[in-house]
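Peer 1: Here you go, coords.txt (compact mmCIF, C-alpha atoms):
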```
# COMPACT_ATOMS: atom_id res chain seq x y z
CA MET N 18 -33.58 21.65 11.75
CA ALA N 19 -30.19 21.39 13.43
CA THR N 20 -27.04 20.51 11.51
CA VAL N 21 -23.65 19.37 12.74
CA GLU N 22 -20.78 19.94 10.34
CA LEU N 23 -17.49 18.08 10.54
CA SER N 24 -14.39 18.22 8.39
CA PHE N 25 -11.23 16.18 8.79
CA SER N 26 -7.87 15.65 7.10
CA ALA N 27 -7.75 12.87 4.54
CA LEU N 28 -6.10 10.37 6.87
CA PRO N 29 -7.52 6.88 7.53
CA VAL N 30 -7.11 7.34 11.30
CA HIS N 31 -9.75 10.10 11.24
CA VAL N 32 -12.43 7.78 9.81
CA ARG N 33 -12.81 6.15 13.23
CA THR N 34 -13.32 9.55 14.85
CA ALA N 35 -15.94 10.46 12.25
CA ARG N 36 -17.79 7.17 12.92
CA LEU N 37 -17.81 7.85 16.66
CA ILE N 38 -19.15 11.38 16.22
CA VAL N 39 -21.81 10.30 13.73
CA THR N 40 -22.96 7.51 16.05
CA ALA N 41 -23.29 9.92 18.97
CA VAL N 42 -25.25 12.44 16.89
CA ALA N 43 -27.46 9.68 15.45
CA ARG N 44 -28.29 8.45 18.95
CA ARG N 45 -29.13 11.97 20.05
CA SER N 46 -31.26 12.42 16.91
CA GLY N 47 -33.46 9.49 17.89
CA VAL N 48 -32.07 6.73 15.67
CA ALA N 49 -32.91 3.35 17.19
CA GLU N 50 -30.08 1.56 18.98
CA THR N 51 -30.57 -1.39 16.62
CA LEU N 52 -29.67 0.83 13.64
CA LEU N 53 -26.56 2.48 15.09
CA ASP N 54 -24.19 -0.24 13.85
CA GLU N 55 -25.58 0.23 10.33
CA VAL N 56 -25.10 4.00 10.58
CA ARG N 57 -21.54 3.55 11.84
CA LEU N 58 -20.60 1.06 9.11
CA ALA N 59 -22.19 3.00 6.23
CA VAL N 60 -20.55 6.26 7.28
CA GLY N 61 -17.23 4.45 7.71
CA GLU N 62 -17.45 3.12 4.15
CA ALA N 63 -18.35 6.53 2.72
CA CYS N 64 -15.59 8.28 4.68
CA SER N 65 -13.01 5.64 3.74
CA ARG N 66 -13.90 6.06 0.05
CA ALA N 67 -13.56 9.83 0.35
CA VAL N 68 -10.25 9.60 2.25
CA GLU N 69 -8.77 7.27 -0.36
CA ALA N 70 -9.93 9.53 -3.21
CA HIS N 71 -8.46 12.58 -1.47
CA ARG N 72 -5.16 10.86 -0.71
CA ARG N 73 -4.76 10.09 -4.42
CA HIS N 74 -6.00 13.37 -5.88
CA CYS N 75 -6.05 16.21 -3.33
CA PRO N 76 -4.43 15.18 -0.02
CA ASP N 77 -4.50 18.68 1.45
CA GLU N 78 -8.29 19.09 1.11
CA PRO N 79 -10.50 17.96 4.01
CA VAL N 80 -13.34 15.46 3.80
CA ARG N 81 -16.62 17.04 4.93
CA LEU N 82 -19.67 15.64 6.71
CA GLU N 83 -23.05 17.19 7.41
CA LEU N 84 -25.29 15.52 10.00
CA THR N 85 -28.92 16.61 10.10
CA GLY N 86 -31.85 15.44 12.17
CA ALA N 87 -35.30 16.61 11.06
CA ASP N 88 -38.75 15.26 10.22
CA ARG N 89 -38.04 11.95 11.97
CA ARG N 90 -35.00 11.31 9.73
CA PHE N 91 -31.27 11.35 10.42
CA GLU N 92 -29.25 12.30 7.36
CA VAL N 93 -25.50 12.16 6.75
CA ILE N 94 -23.81 13.72 3.73
CA VAL N 95 -20.18 12.79 3.09
CA SER N 96 -18.56 15.14 0.58
CA ASP N 97 -15.19 14.98 -1.10
CA THR N 98 -13.57 17.51 -3.41
CA VAL N 99 -12.33 15.05 -6.02
CA PRO N 100 -13.97 16.11 -9.28
CA GLY N 101 -16.39 13.54 -10.60
CA ASP N 102 -15.61 14.43 -14.19
CA ASP N 103 -13.28 12.70 -16.57
CA ALA N 104 -10.82 14.27 -19.00
CA ALA N 105 -13.63 14.82 -21.52
CA GLY N 106 -15.66 16.77 -18.97
CA GLY N 107 -18.45 14.24 -18.46
CA LEU N 108 -19.68 12.80 -15.19
CA PRO N 109 -19.69 9.09 -14.39
CA SER N 110 -23.11 7.57 -14.91
CA PHE N 111 -23.00 5.17 -11.92
CA GLU N 112 -24.71 2.66 -14.20
CA ASP N 113 -21.23 1.49 -15.17
CA PRO N 114 -19.29 0.92 -11.90
CA GLU N 115 -15.97 1.08 -13.77
CA GLU N 116 -16.61 4.78 -14.38
CA PHE N 117 -16.76 5.38 -10.61
CA GLU N 118 -13.34 4.09 -9.66
CA PHE N 119 -11.49 7.41 -9.19
CA GLY N 120 -8.24 5.46 -9.34
CA MET N 121 -8.99 3.35 -6.26
CA GLY N 122 -8.55 -0.06 -7.83
CA GLU N 123 -10.82 -2.38 -9.72
CA GLY N 124 -14.13 -2.99 -7.93
CA THR N 125 -13.23 -1.01 -4.80
CA ALA N 126 -15.71 1.84 -5.24
CA GLU N 127 -18.46 -0.51 -6.45
CA LEU N 128 -18.13 -2.74 -3.38
CA GLY N 129 -18.11 0.20 -0.95
CA LEU N 130 -21.20 1.71 -2.55
CA ALA N 131 -22.98 -1.65 -2.45
CA VAL N 132 -22.23 -1.92 1.28
CA ILE N 133 -23.55 1.61 1.88
CA ALA N 134 -26.71 0.90 -0.12
CA GLY N 135 -27.32 -2.22 1.96
CA LEU N 136 -26.88 -0.43 5.28
CA ALA N 137 -28.62 2.92 4.79
CA ASP N 138 -32.37 3.35 4.56
CA ASP N 139 -32.01 5.81 1.67
CA VAL N 140 -28.90 6.60 -0.41
CA ASP N 141 -28.23 9.21 -3.07
CA ILE N 142 -24.89 9.67 -4.85
CA ALA N 143 -24.16 12.87 -6.74
CA ALA N 144 -21.00 13.52 -8.74
CA THR N 145 -20.22 17.05 -9.87
CA PRO N 146 -17.15 18.83 -11.19
CA LYS N 147 -16.62 20.00 -7.57
CA GLY N 148 -16.71 16.54 -5.99
CA VAL N 149 -18.81 13.57 -4.97
CA GLN N 150 -21.51 13.59 -2.30
CA ILE N 151 -22.97 10.49 -0.72
CA ARG N 152 -26.21 11.23 1.11
CA MET N 153 -27.52 8.55 3.48
CA SER N 154 -30.48 8.63 5.85
CA TRP N 155 -32.19 6.52 8.48
CA PRO N 156 -35.48 6.83 10.37
CA ALA N 157 -35.41 8.53 13.76
CA GLU N 158 -37.91 7.56 16.46
CA ASP N 159 -37.92 10.97 18.12
CA GLU N 160 -37.67 14.52 16.89
CA ALA N 161 -34.05 15.56 16.47
CA THR N 162 -32.38 17.16 19.46
CA ILE N 163 -29.01 17.95 17.91
```
Please go through the file and, once you have read it, give me the structure as structure tokens.
Peer 2:
Amino acid sequence: MATVELSFSALPVHVRTARLIVTAVARRSGVAETLLDEVRLAVGEACSRAVEAHRRHCPDEPVRLELTGADRRFEVIVSDTVPGDDAAGGLPSFEDPEEFEFGMGEGTAELGLAVIAGLADDVDIAATPKGVQIRMSWPAEDEATI
């Protein structure tokens, strides 16, 4: 199982670069050409959410991506370092979208997550005191060659 790791400064201009890299790695991992736009858009949404959260809470920390191709799947994990806990120490439940705003404006996080869920084959969101991870995956036609 090969993994490509990428980290970038929390600047919106770097989201485009991340999308381009992810698309190239997805193609090389065997993701069908017809799915590449979905990969690009979902990763763009996840990276944009992470960049905005970092710009508000920890602008000097990089956004991190892990790209893995194995078992006929291509997986992308976008990680931020904005704690997913509130002042009381609890984690947002994700059942109540208002708890997952991270100061980004009413409905912003909910809409971005809905877009990601509609584009990725499989999505998992994990919030911890160390940050939020959005894991997305798509089928790959061939064994990964990354």
Peer 1: Go ahead and compute the interatomic distance for CA of Val32 in chain N and CA of Cys64 in chain N, in Å to one decimal.
Peer 2: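 These atoms are spaced 6.0 Å apart.
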Peer 1: So, counting all atoms listed in the file, which residue among N:Glu83, N:Asp88, N:Glu50, N:Glu55 is closest to Ala134 in chain N?
Peer 2: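 The shortest atom-to-atom distance to Ala134 in chain N comes from N:Glu55.
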Peer 1: Do you know which residues are at most 10 Å from Leu52 in chain N counting all atoms listed in the file, after dropping those on the same chain fewer than 2 positions away, and could you put them as a ChimeraX atom specification?
Peer 2: /N:40,43-44,48-50,54-57,136-138,155-157
Peer 1: Could you tell me which of N:Gly86, N:Gly47, N:Pro29, N:Pro100 comes closest to Glu69 in chain N if we count only C-alpha atoms?
Peer 2: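 Using only C-alpha atoms, Glu69 in chain N sits closest to N:Pro29.
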Peer 1: Distance CA of Leu23 in chain N-CA of Val132 in chain N, one decimal place?
Peer 2: 22.5 Å
Peer 1: Closest to Ser24 in chain N among N:Leu84, N:Val99, N:Cys75, N:Leu128, using all atoms listed in the file?
Peer 2: N:Leu84
